[in-house]
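As structure tokens, the structure follows; a few thoughts come after it.
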Amino acid sequence: MTGLHFHPLRVRELRADTDDALVLSFEVPDDLRATFRFQPGQYLTLRRAAGAAGGAAGGDLRRSYSICAAAGEGLRVGVRRVDGGVFSNWLHQELKAGDTLEVMEPQGRFGAAVAQATAQTAAQTAPPRHLLCVAGGSGITPVLSIVKSVLAGEPGSRVTLLYGNRSAGSTMFKEELEDLKNRYLTRLALHPVFSREQVDSPLNSGRLDREKIERFAPIIGIETVDQAFVCGPHALNDEVEAALLAAGLAPERIHVERFGVPPSAADATLHAPREGDATTARITVVRDGLTREIGFQPGDESILAAASRAGMDVPFSCKSGVCATCRAKLLQGEVRMDRNFALEKADLEAGFILTCQAHPLTEQVVVSFDHR
């Protein structure tokens, strides 16, 4: 069990990777090294320090960014500038080396299967594997962490990476991937795909969609894939997942990390009450080993909103059902979620919910942020 909190970390370096992407590295003091030990595929939630430039005055501005380092390397994240994105533009324009950012402990389970298998390999109890990774745009950030960790930690395993971008110039971590390819010639198969740049091979032109995955299938050897990791825009994620399922890959072997919500999910009535909701409820929240009871009111959009209204310091980032920073375990009662883009079937079966999307269905509900 663990609590999630922000810690001040000093920015070691900001390095431009492409015209619109940078790599942000942190200094981790000795007393926080265990706190910030991460697994491949995890992410950090960053918060704008009080009084810093950017965002609404005095506001609590936070965003989550994936770690792009292999387990055991220095802590760093990749940040692509988003048009109109207040936080990403502030990082690109205002932040500098030596500044301090508030950073929450690493979270996420996208690469959990990698970390477990790598540990078994180190103990010589796991056979070599073939991993398929599919990334689109900035979706390469957590995928790079997974690729590097597998190649370094599992000497007998190999990785096939399909990486879609608009052009070679917009490709994040291009040089680092080429270095990896040269270092692991027989174990890393790298297939770039460009949607807006002409290349010699038609297979490497166009969009990474279901048809493209089907065409790559013989080259990949889908039947030999042990685990697949997919991260990119929602359309890419859905198309790739559908293609892998149609090719016979079991659902539990496909892991998808999503950034943002699809346009179809932008619904102003998303959090509106529904038939069957409890009109009022008592919510017991466990946080840092302490228990507090709060009231859920008809105007509360979610359990997270009710806890925040009551003045509780509870973890969150996107509030869109994507990042799982607000993940908690349902210990008693019943809830419904408006949407879920973050929790896998195993998480749901274990009783985890996204508190930013959860509404009580029973008059008594108990949730724990200490179960992660």
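Ligands are numbered from 1 in the order shown, chains are lettered A, B, ... in the order of the structure tokens, and residues start at 1 in each chain.
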For this session: Taking the chain letters and numbering used in this document, name the residues of stretch 18-132 of chain A that DSSP puts in strand (DSSP E or B), as a count of residues only.
Result: 33
For this session: Identify, on the basis of only C-alpha atoms, every residue whose closest approach to A:Ala350 does not exceed 12 Å; exclude the query and any residue fewer than 2 positions from it along the same chain; express the result as a PyMOL selection string.
Result: chain A and resi 327-331+343-348+352-353+371-372
Could you dump the residues just selected with N, CA and C atoms as a tab-separated table (two decimals), in the first residue's frame?
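Writing done, so here's again_8.tsv:
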chain	number	residue	atom	x	y	z
A	327	ARG	N	-6.99	6.33	-9.59
A	327	ARG	CA	-7.36	4.93	-9.36
A	327	ARG	C	-7.45	4.62	-7.86
A	328	ALA	N	-8.51	3.94	-7.46
A	328	ALA	CA	-8.70	3.53	-6.07
A	328	ALA	C	-9.42	2.19	-6.06
A	329	LYS	N	-9.38	1.53	-4.92
A	329	LYS	CA	-10.04	0.23	-4.81
A	329	LYS	C	-11.37	0.39	-4.10
A	330	LEU	N	-12.40	-0.20	-4.68
A	330	LEU	CA	-13.73	-0.19	-4.08
A	330	LEU	C	-13.81	-1.31	-3.05
A	331	LEU	N	-13.89	-0.93	-1.78
A	331	LEU	CA	-13.90	-1.91	-0.70
A	331	LEU	C	-15.31	-2.27	-0.25
A	343	LEU	N	-8.38	1.43	-17.13
A	343	LEU	CA	-8.33	0.19	-16.38
A	343	LEU	C	-8.57	-1.01	-17.29
A	344	GLU	N	-7.73	-2.02	-17.16
A	344	GLU	CA	-7.91	-3.25	-17.92
A	344	GLU	C	-8.86	-4.19	-17.17
A	345	LYS	N	-9.22	-5.26	-17.84
A	345	LYS	CA	-10.18	-6.21	-17.27
A	345	LYS	C	-9.73	-6.73	-15.91
A	346	ALA	N	-8.44	-7.02	-15.77
A	346	ALA	CA	-7.92	-7.54	-14.50
A	346	ALA	C	-8.07	-6.51	-13.39
A	347	ASP	N	-7.89	-5.22	-13.72
A	347	ASP	CA	-8.05	-4.16	-12.72
A	347	ASP	C	-9.50	-4.10	-12.24
A	348	LEU	N	-10.42	-4.16	-13.19
A	348	LEU	CA	-11.84	-4.10	-12.84
A	348	LEU	C	-12.25	-5.30	-12.00
A	352	PHE	N	-10.90	-2.29	-8.78
A	352	PHE	CA	-10.41	-0.92	-8.91
A	352	PHE	C	-11.38	-0.08	-9.74
A	353	ILE	N	-11.45	1.20	-9.41
A	353	ILE	CA	-12.31	2.14	-10.11
A	353	ILE	C	-11.53	3.42	-10.40
A	371	HIS	N	-4.61	1.34	-1.82
A	371	HIS	CA	-4.45	0.12	-2.63
A	371	HIS	C	-4.18	0.56	-4.06
A	372	ARG	N	-2.97	0.30	-4.57
A	372	ARG	CA	-2.61	0.77	-5.90
A	372	ARG	C	-2.43	-0.40	-6.87
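Of the residues under consideration (A:Glu293, A:Glu241, A:Glu214, A:Glu257), A:Glu257 shows the shortest atom-to-atom contact distance to A:Val322 when counting only C-alpha atoms.
Distances to A:Lys148 were evaluated for A:Glu73, A:Glu301, A:Asp200, A:Glu105 using only C-alpha atoms, and the minimum falls at A:Glu73.
Comparing the minimum interatomic distances between A:Ser302 and each of A:Cys68, A:Arg215, A:His359, A:Glu102, counting only C-alpha atoms, we find that A:His359 sits nearest.
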